[in-house]
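data_17.txt follows; it contains compact mmCIF, C-alpha atoms.
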```txt
# COMPACT_ATOMS: atom_id res chain seq x y z
CA MET A 1 -7.01 2.39 -9.90
CA ASN A 2 -9.74 0.86 -12.02
CA SER A 3 -13.29 1.66 -10.94
CA GLN A 4 -14.75 -1.39 -12.70
CA ALA A 5 -14.84 -4.68 -10.79
CA PRO A 6 -12.68 -7.31 -12.50
CA ALA A 7 -13.87 -10.87 -12.97
CA PRO A 8 -13.34 -13.09 -9.92
CA VAL A 9 -10.22 -15.23 -10.16
CA PRO A 10 -10.72 -18.98 -10.42
CA GLY A 11 -10.96 -20.66 -7.03
CA ASP A 12 -8.18 -22.75 -5.53
CA ASP A 13 -9.67 -25.89 -4.03
CA ARG A 14 -6.40 -27.50 -2.93
CA ASP A 15 -6.11 -28.51 0.71
CA TRP A 16 -2.96 -26.66 1.74
CA THR A 17 -2.59 -28.40 5.11
CA PHE A 18 0.25 -30.54 3.71
CA VAL A 19 2.58 -27.53 4.08
CA ILE A 20 2.43 -27.87 7.87
CA THR A 21 4.55 -31.01 7.78
CA ASP A 22 5.92 -31.24 4.24
CA GLY A 23 6.64 -27.64 3.35
CA CYS A 24 5.82 -26.15 -0.04
CA ASP A 25 7.99 -26.75 -3.10
CA GLU A 26 6.11 -24.04 -4.99
CA CYS A 27 7.25 -21.18 -2.72
CA GLY A 28 10.13 -22.79 -0.80
CA PHE A 29 8.39 -22.71 2.59
CA ARG A 30 9.77 -25.16 5.14
CA PRO A 31 8.16 -25.91 8.52
CA PHE A 32 9.77 -24.08 11.42
CA ASP A 33 9.82 -24.22 15.20
CA ALA A 34 6.61 -22.90 16.75
CA ALA A 35 8.64 -20.42 18.80
CA GLU A 36 9.56 -18.66 15.51
CA THR A 37 6.00 -18.08 14.31
CA ALA A 38 5.49 -14.55 15.63
CA GLN A 39 8.80 -13.33 14.20
CA ARG A 40 8.23 -15.03 10.84
CA ILE A 41 4.86 -13.41 10.26
CA SER A 42 6.09 -10.05 11.54
CA ASP A 43 9.02 -10.19 9.11
CA GLY A 44 6.70 -11.15 6.27
CA THR A 45 4.39 -8.27 7.00
CA GLN A 46 7.26 -5.81 6.67
CA ARG A 47 7.98 -7.18 3.19
CA TRP A 48 4.38 -6.42 2.16
CA ARG A 49 5.00 -2.71 2.66
CA ALA A 50 7.40 -2.57 -0.31
CA VAL A 51 4.96 -4.61 -2.40
CA LEU A 52 2.11 -2.21 -1.66
CA GLU A 53 4.28 0.83 -2.44
CA ARG A 54 4.83 -0.35 -6.01
CA PRO A 55 3.13 1.89 -8.58
CA ASP A 56 1.50 -1.17 -10.17
CA ALA A 57 0.35 -2.80 -6.90
CA ALA A 58 -3.30 -2.69 -8.03
CA GLN A 59 -2.62 -4.15 -11.49
CA ARG A 60 -3.39 -7.78 -12.17
CA PRO A 61 -0.67 -9.58 -14.12
CA SER A 62 -3.51 -11.32 -15.99
CA GLU A 63 -7.29 -11.51 -15.69
CA GLN A 64 -7.04 -14.83 -13.87
CA VAL A 65 -4.50 -13.73 -11.22
CA TRP A 66 -4.96 -11.35 -8.31
CA SER A 67 -2.96 -8.14 -8.17
CA PRO A 68 -0.40 -7.69 -5.39
CA LEU A 69 -2.99 -5.47 -3.66
CA GLU A 70 -5.62 -8.22 -3.79
CA TYR A 71 -3.13 -10.75 -2.42
CA ALA A 72 -2.25 -8.35 0.40
CA CYS A 73 -5.94 -7.97 1.29
CA HIS A 74 -6.29 -11.76 1.30
CA VAL A 75 -3.24 -12.16 3.55
CA ARG A 76 -4.57 -9.47 5.90
CA ASP A 77 -7.89 -11.29 6.21
CA MET A 78 -6.25 -14.70 6.62
CA VAL A 79 -3.90 -13.42 9.33
CA ARG A 80 -6.93 -11.94 11.11
CA LEU A 81 -9.02 -15.11 10.73
CA LEU A 82 -6.26 -17.49 11.76
CA GLY A 83 -5.35 -15.25 14.69
CA GLU A 84 -8.97 -15.43 15.84
CA ARG A 85 -8.80 -19.21 15.54
CA VAL A 86 -5.63 -19.38 17.63
CA LYS A 87 -7.38 -17.22 20.25
CA ALA A 88 -10.37 -19.59 20.22
CA MET A 89 -8.03 -22.58 20.66
CA ARG A 90 -6.32 -20.82 23.55
CA ASP A 91 -9.61 -19.90 25.26
CA GLN A 92 -11.88 -22.87 24.44
CA GLU A 93 -11.72 -26.64 24.43
CA ALA A 94 -11.36 -27.92 20.85
CA PRO A 95 -13.42 -25.27 19.00
CA GLU A 96 -14.84 -26.00 15.55
CA PHE A 97 -14.27 -23.40 12.86
CA ALA A 98 -16.79 -22.33 10.23
CA ASP A 99 -15.94 -22.51 6.55
CA TRP A 100 -14.21 -19.50 5.05
CA ASP A 101 -14.16 -18.73 1.32
CA GLY A 102 -11.30 -16.40 0.42
CA GLY A 103 -12.55 -15.88 -3.13
CA ALA A 104 -16.01 -14.88 -1.94
CA MET A 105 -14.45 -12.52 0.60
CA ALA A 106 -12.35 -10.91 -2.15
CA VAL A 107 -15.51 -10.11 -4.10
CA LYS A 108 -17.54 -9.06 -1.05
CA LEU A 109 -14.86 -6.64 0.19
CA ALA A 110 -13.82 -5.50 -3.33
CA TYR A 111 -10.14 -6.24 -2.72
CA TRP A 112 -9.39 -4.84 -6.18
CA ALA A 113 -10.59 -1.37 -5.10
CA ALA A 114 -8.74 -1.20 -1.77
CA ASP A 115 -6.30 1.58 -0.99
CA PRO A 116 -2.74 0.19 -0.80
CA GLY A 117 -1.74 2.48 2.09
CA THR A 118 -4.79 1.58 4.13
CA THR A 119 -4.29 -2.09 3.31
CA TRP A 120 -0.71 -1.90 4.59
CA GLU A 121 -1.84 -0.22 7.83
CA ASP A 122 -4.59 -2.82 8.31
CA LEU A 123 -2.19 -5.70 7.62
CA GLU A 124 0.36 -4.33 10.06
CA ARG A 125 -2.28 -3.81 12.78
CA THR A 126 -3.82 -7.24 12.17
CA THR A 127 -0.41 -8.89 12.30
CA ARG A 128 0.43 -7.17 15.60
CA ARG A 129 -2.87 -8.42 17.04
CA THR A 130 -2.27 -11.98 15.82
CA VAL A 131 1.34 -11.93 17.05
CA GLY A 132 0.05 -10.85 20.46
CA VAL A 133 -2.33 -13.79 20.53
CA LEU A 134 0.40 -16.23 19.45
CA GLU A 135 2.77 -14.90 22.09
CA SER A 136 0.07 -15.23 24.76
CA VAL A 137 -0.07 -19.01 24.31
CA PRO A 138 2.42 -20.71 26.66
CA ALA A 139 4.70 -23.28 25.01
CA GLU A 140 2.98 -26.08 26.94
CA ASP A 141 -0.39 -25.08 25.38
CA ARG A 142 0.73 -25.09 21.74
CA GLY A 143 -0.79 -28.57 21.45
CA ARG A 144 -4.32 -27.25 22.09
CA THR A 145 -6.59 -28.17 19.20
CA GLY A 146 -9.30 -26.79 16.97
CA ARG A 147 -11.07 -28.36 14.02
CA ARG A 148 -12.18 -27.08 10.64
CA SER A 149 -15.68 -28.00 9.54
CA ASP A 150 -14.16 -30.53 7.10
CA GLY A 151 -12.67 -32.40 10.07
CA VAL A 152 -9.06 -31.27 9.69
CA GLU A 153 -7.58 -30.77 13.14
CA PHE A 154 -5.00 -28.11 13.93
CA THR A 155 -2.94 -27.44 17.01
CA VAL A 156 -1.91 -23.92 17.95
CA ALA A 157 1.58 -24.83 16.68
CA SER A 158 0.37 -26.24 13.35
CA LEU A 159 -1.97 -23.31 12.76
CA GLY A 160 1.06 -21.08 13.31
CA GLN A 161 2.79 -22.98 10.49
CA TYR A 162 -0.27 -22.42 8.33
CA ILE A 163 -0.23 -18.67 9.03
CA GLY A 164 3.49 -18.54 8.25
CA HIS A 165 2.99 -20.34 4.96
CA GLU A 166 0.08 -18.10 3.99
CA MET A 167 2.26 -15.03 4.47
CA GLU A 168 5.32 -16.41 2.71
CA HIS A 169 3.53 -18.14 -0.16
CA HIS A 170 1.67 -15.04 -1.23
CA LEU A 171 4.83 -12.95 -0.98
CA HIS A 172 6.31 -15.47 -3.41
CA ASP A 173 3.23 -15.04 -5.64
CA VAL A 174 3.86 -11.29 -5.91
CA ARG A 175 7.67 -11.52 -5.96
CA GLY A 176 7.88 -9.76 -2.60
```
Could you quickly redo this structure as structure tokens?
Amino acid sequence: MNSQAPAPVPGDDRDWTFVITDGCDECGFRPFDAAETAQRISDGTQRWRAVLERPDAAQRPSEQVWSPLEYACHVRDMVRLLGERVKAMRDQEAPEFADWDGGAMAVKLAYWAADPGTTWEDLERTTRRTVGVLESVPAEDRGRTGRRSDGVEFTVASLGQYIGHEMEHHLHDVRG
């Protein structure tokens, strides 16, 4: 593993919320029934294990692209964040969510220097926690809402789609 911090990757300023209804041609993601969310993200997490066991998991394919390890750290943090948001939607009336900058978090937490084994354990634990939250929301409450600071509104069900896409898209990025 390199001890020198690589340059930050260029930011991605696309609004990915379109995947909730339209799917994603880039990775092949298609929206699914909300009842499948927990299983979909659990299955995706298991695929990350093989990715993180690769000998080159910490190697960037180019300076401008995260390594599989960095993507796994990002997915771990997104699964955690989105799980916390689902919990807030379950427990509060229409919460508003603060901005979150994945690129800044990658630099702050030095994703590039993470240990692949620890990252896998953290991702698995975080996924179990988020799955528990998702499974604790009764079907009749999947319409509960929350709002990003930019005004985009999610339901528990649509945020589940977003979590599922996050997992699957980045597996596609790393050929997992």
Handout entry: 9 Å contact set for A:His74, only C-alpha atoms, chain neighbours under 6 positions out, as JSON, numbers by chain
Key = {"A": [102, 103, 105, 106, 111, 170]}
Exercise for the section: Please tell me which residues are no farther than 8 Å from (-3.8, -33.5, 6.8) in the file, counting only C-alpha atoms, and write them as a PyMOL selection string. Expected result: chain A and resi 17-18+152-153
Exercise for the section: Pick out the closest residue to A:Glu121 from this set: A:Glu84, A:Met89, A:Ser158, A:Ala72. Count only C-alpha atoms. Expected result: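 Ranked by minimum distance to A:Glu121, first place goes to A:Ala72.
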Exercise for the section: Identify, on the basis of all atoms listed in the file, every residue whose closest approach to A:Thr145 does not exceed 8 Å; exclude the query and any residue fewer than 2 positions from it along the same chain; express the result as a ChimeraX atom specification. Expected result: /A:89,93-95,143,147,153-156
Problem - Shortest interatomic distance to A:Glu166 - which of A:Leu109, A:Ala57, A:Ile41, A:Ala88, counting all atoms listed in the file - result: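 Among the listed residues, A:Ile41 lies closest to A:Glu166.
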Fill in the blank from the handout: The distance between atom CA of A:Asp33 and atom CA of A:Gly160 is 9.5 Å
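Between A:Gly151 and the candidates A:Gly176, A:Leu171, A:Val107, A:Glu96, the tightest atom-to-atom separation, counting all atoms listed in the file, involves A:Glu96.
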Exercise for the section: List the neighbours of A:Ser62 out to 12 Å using only C-alpha atoms; skip same-chain residues closer than 5 positions along the sequence, and give me the result as a ChimeraX atom specification. Expected result: /A:6-10,67-68
Fill in the blank from the handout: From atom CA of A:Thr127 to atom CA of A:Gly44 the spacing works out at 9.6 Å
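With all atoms listed in the file taken into account, every residue lying no more than 10 Å from the file point (-11.0, -15.8, 8.1) is included here: A:His74, A:Val75, A:Arg76, A:Asp77, A:Met78, A:Val79, A:Arg80, A:Leu81, A:Leu82, A:Gly83, A:Glu84, A:Arg85, A:Phe97, A:Ala98, A:Asp99, A:Trp100, A:Asp101, A:Gly102, A:Met105.
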Handout entry: Selection: 12 Å around A:Asp22, all atoms listed in the file, excl. self and same-chain fewer than 3 positions, as an MDAnalysis selection string
Key = chainID A and resid 16:19 25:26 28:32 158 161:162 165
Problem - Pairwise distance for atom CA of A:Asp12 and atom CA of A:Ala58, rounded to one decimal in Å - result: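 These two atoms are separated by 20.8 Å.
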Practice task
Go through A:Glu36, A:Asp115, A:Asp91, A:Asp13 and flag the residue nearest A:Leu52, using all atoms listed in the file for the distances.
Solution key: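 So, comparing all the options, the nearest one is A:Asp115.
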Can you take the partial stretch 68-103 of chain A, add N, CA and C atoms, and return it as a PDB file, in the coordinates of the input?
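Once everything was written out, this is selection.pdb:
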```
ATOM      1  N   PRO A  68      -1.054  -7.701  -6.704  1.00  0.00           N
ATOM      2  CA  PRO A  68      -0.400  -7.690  -5.390  1.00  0.00           C
ATOM      3  C   PRO A  68      -1.300  -7.103  -4.297  1.00  0.00           C
ATOM      4  N   LEU A  69      -2.061  -6.073  -4.629  1.00  0.00           N
ATOM      5  CA  LEU A  69      -2.990  -5.470  -3.660  1.00  0.00           C
ATOM      6  C   LEU A  69      -4.037  -6.482  -3.207  1.00  0.00           C
ATOM      7  N   GLU A  70      -4.607  -7.227  -4.149  1.00  0.00           N
ATOM      8  CA  GLU A  70      -5.620  -8.220  -3.790  1.00  0.00           C
ATOM      9  C   GLU A  70      -5.016  -9.324  -2.921  1.00  0.00           C
ATOM     10  N   TYR A  71      -3.801  -9.759  -3.263  1.00  0.00           N
ATOM     11  CA  TYR A  71      -3.130 -10.750  -2.420  1.00  0.00           C
ATOM     12  C   TYR A  71      -2.892 -10.207  -1.018  1.00  0.00           C
ATOM     13  N   ALA A  72      -2.487  -8.949  -0.915  1.00  0.00           N
ATOM     14  CA  ALA A  72      -2.250  -8.350   0.400  1.00  0.00           C
ATOM     15  C   ALA A  72      -3.530  -8.305   1.224  1.00  0.00           C
ATOM     16  N   CYS A  73      -4.645  -7.972   0.585  1.00  0.00           N
ATOM     17  CA  CYS A  73      -5.940  -7.970   1.290  1.00  0.00           C
ATOM     18  C   CYS A  73      -6.274  -9.378   1.779  1.00  0.00           C
ATOM     19  N   HIS A  74      -6.030 -10.364   0.926  1.00  0.00           N
ATOM     20  CA  HIS A  74      -6.290 -11.760   1.300  1.00  0.00           C
ATOM     21  C   HIS A  74      -5.418 -12.160   2.493  1.00  0.00           C
ATOM     22  N   VAL A  75      -4.139 -11.822   2.441  1.00  0.00           N
ATOM     23  CA  VAL A  75      -3.240 -12.160   3.550  1.00  0.00           C
ATOM     24  C   VAL A  75      -3.702 -11.470   4.823  1.00  0.00           C
ATOM     25  N   ARG A  76      -4.058 -10.207   4.730  1.00  0.00           N
ATOM     26  CA  ARG A  76      -4.570  -9.470   5.900  1.00  0.00           C
ATOM     27  C   ARG A  76      -5.747 -10.214   6.525  1.00  0.00           C
ATOM     28  N   ASP A  77      -6.692 -10.634   5.683  1.00  0.00           N
ATOM     29  CA  ASP A  77      -7.890 -11.290   6.210  1.00  0.00           C
ATOM     30  C   ASP A  77      -7.587 -12.689   6.737  1.00  0.00           C
ATOM     31  N   MET A  78      -6.637 -13.384   6.114  1.00  0.00           N
ATOM     32  CA  MET A  78      -6.250 -14.700   6.620  1.00  0.00           C
ATOM     33  C   MET A  78      -5.509 -14.583   7.951  1.00  0.00           C
ATOM     34  N   VAL A  79      -4.621 -13.613   8.071  1.00  0.00           N
ATOM     35  CA  VAL A  79      -3.900 -13.420   9.330  1.00  0.00           C
ATOM     36  C   VAL A  79      -4.900 -13.093  10.443  1.00  0.00           C
ATOM     37  N   ARG A  80      -5.887 -12.273  10.127  1.00  0.00           N
ATOM     38  CA  ARG A  80      -6.930 -11.940  11.110  1.00  0.00           C
ATOM     39  C   ARG A  80      -7.714 -13.198  11.499  1.00  0.00           C
ATOM     40  N   LEU A  81      -8.212 -13.920  10.483  1.00  0.00           N
ATOM     41  CA  LEU A  81      -9.020 -15.110  10.730  1.00  0.00           C
ATOM     42  C   LEU A  81      -8.250 -16.166  11.514  1.00  0.00           C
ATOM     43  N   LEU A  82      -7.033 -16.444  11.091  1.00  0.00           N
ATOM     44  CA  LEU A  82      -6.260 -17.490  11.760  1.00  0.00           C
ATOM     45  C   LEU A  82      -5.847 -17.051  13.159  1.00  0.00           C
ATOM     46  N   GLY A  83      -5.605 -15.764  13.344  1.00  0.00           N
ATOM     47  CA  GLY A  83      -5.350 -15.250  14.690  1.00  0.00           C
ATOM     48  C   GLY A  83      -6.552 -15.443  15.602  1.00  0.00           C
ATOM     49  N   GLU A  84      -7.748 -15.204  15.062  1.00  0.00           N
ATOM     50  CA  GLU A  84      -8.970 -15.430  15.840  1.00  0.00           C
ATOM     51  C   GLU A  84      -9.121 -16.906  16.187  1.00  0.00           C
ATOM     52  N   ARG A  85      -8.708 -17.767  15.268  1.00  0.00           N
ATOM     53  CA  ARG A  85      -8.800 -19.210  15.540  1.00  0.00           C
ATOM     54  C   ARG A  85      -7.797 -19.631  16.606  1.00  0.00           C
ATOM     55  N   VAL A  86      -6.600 -19.076  16.569  1.00  0.00           N
ATOM     56  CA  VAL A  86      -5.630 -19.380  17.630  1.00  0.00           C
ATOM     57  C   VAL A  86      -6.188 -18.916  18.971  1.00  0.00           C
ATOM     58  N   LYS A  87      -6.776 -17.739  19.010  1.00  0.00           N
ATOM     59  CA  LYS A  87      -7.380 -17.220  20.250  1.00  0.00           C
ATOM     60  C   LYS A  87      -8.471 -18.159  20.745  1.00  0.00           C
ATOM     61  N   ALA A  88      -9.310 -18.649  19.829  1.00  0.00           N
ATOM     62  CA  ALA A  88     -10.370 -19.590  20.220  1.00  0.00           C
ATOM     63  C   ALA A  88      -9.762 -20.875  20.777  1.00  0.00           C
ATOM     64  N   MET A  89      -8.682 -21.362  20.175  1.00  0.00           N
ATOM     65  CA  MET A  89      -8.030 -22.580  20.660  1.00  0.00           C
ATOM     66  C   MET A  89      -7.405 -22.347  22.028  1.00  0.00           C
ATOM     67  N   ARG A  90      -6.895 -21.157  22.246  1.00  0.00           N
ATOM     68  CA  ARG A  90      -6.320 -20.820  23.550  1.00  0.00           C
ATOM     69  C   ARG A  90      -7.411 -20.763  24.621  1.00  0.00           C
ATOM     70  N   ASP A  91      -8.572 -20.206  24.272  1.00  0.00           N
ATOM     71  CA  ASP A  91      -9.610 -19.900  25.260  1.00  0.00           C
ATOM     72  C   ASP A  91     -10.696 -20.960  25.403  1.00  0.00           C
ATOM     73  N   GLN A  92     -10.806 -21.880  24.429  1.00  0.00           N
ATOM     74  CA  GLN A  92     -11.880 -22.870  24.440  1.00  0.00           C
ATOM     75  C   GLN A  92     -11.293 -24.268  24.299  1.00  0.00           C
ATOM     76  N   GLU A  93     -12.104 -25.241  24.624  1.00  0.00           N
ATOM     77  CA  GLU A  93     -11.720 -26.640  24.430  1.00  0.00           C
ATOM     78  C   GLU A  93     -12.128 -27.061  23.031  1.00  0.00           C
ATOM     79  N   ALA A  94     -11.156 -27.353  22.179  1.00  0.00           N
ATOM     80  CA  ALA A  94     -11.360 -27.920  20.850  1.00  0.00           C
ATOM     81  C   ALA A  94     -12.487 -27.237  20.055  1.00  0.00           C
ATOM     82  N   PRO A  95     -12.376 -25.940  19.777  1.00  0.00           N
ATOM     83  CA  PRO A  95     -13.420 -25.270  19.000  1.00  0.00           C
ATOM     84  C   PRO A  95     -13.494 -25.797  17.570  1.00  0.00           C
ATOM     85  N   GLU A  96     -14.671 -25.672  16.964  1.00  0.00           N
ATOM     86  CA  GLU A  96     -14.840 -26.000  15.550  1.00  0.00           C
ATOM     87  C   GLU A  96     -14.975 -24.691  14.788  1.00  0.00           C
ATOM     88  N   PHE A  97     -14.313 -24.625  13.635  1.00  0.00           N
ATOM     89  CA  PHE A  97     -14.270 -23.400  12.860  1.00  0.00           C
ATOM     90  C   PHE A  97     -15.186 -23.483  11.640  1.00  0.00           C
ATOM     91  N   ALA A  98     -15.902 -22.416  11.396  1.00  0.00           N
ATOM     92  CA  ALA A  98     -16.790 -22.330  10.230  1.00  0.00           C
ATOM     93  C   ALA A  98     -15.960 -22.268   8.951  1.00  0.00           C
ATOM     94  N   ASP A  99     -16.589 -22.632   7.857  1.00  0.00           N
ATOM     95  CA  ASP A  99     -15.940 -22.510   6.550  1.00  0.00           C
ATOM     96  C   ASP A  99     -15.608 -21.051   6.271  1.00  0.00           C
ATOM     97  N   TRP A 100     -14.588 -20.844   5.471  1.00  0.00           N
ATOM     98  CA  TRP A 100     -14.210 -19.500   5.050  1.00  0.00           C
ATOM     99  C   TRP A 100     -13.821 -19.575   3.585  1.00  0.00           C
ATOM    100  N   ASP A 101     -14.397 -18.742   2.762  1.00  0.00           N
ATOM    101  CA  ASP A 101     -14.160 -18.730   1.320  1.00  0.00           C
ATOM    102  C   ASP A 101     -13.418 -17.445   0.963  1.00  0.00           C
ATOM    103  N   GLY A 102     -12.121 -17.568   0.732  1.00  0.00           N
ATOM    104  CA  GLY A 102     -11.300 -16.400   0.420  1.00  0.00           C
ATOM    105  C   GLY A 102     -11.707 -15.709  -0.871  1.00  0.00           C
ATOM    106  N   GLY A 103     -12.114 -16.481  -1.867  1.00  0.00           N
ATOM    107  CA  GLY A 103     -12.550 -15.880  -3.130  1.00  0.00           C
ATOM    108  C   GLY A 103     -13.819 -15.067  -2.956  1.00  0.00           C
TER     109      GLY A 103
END
```
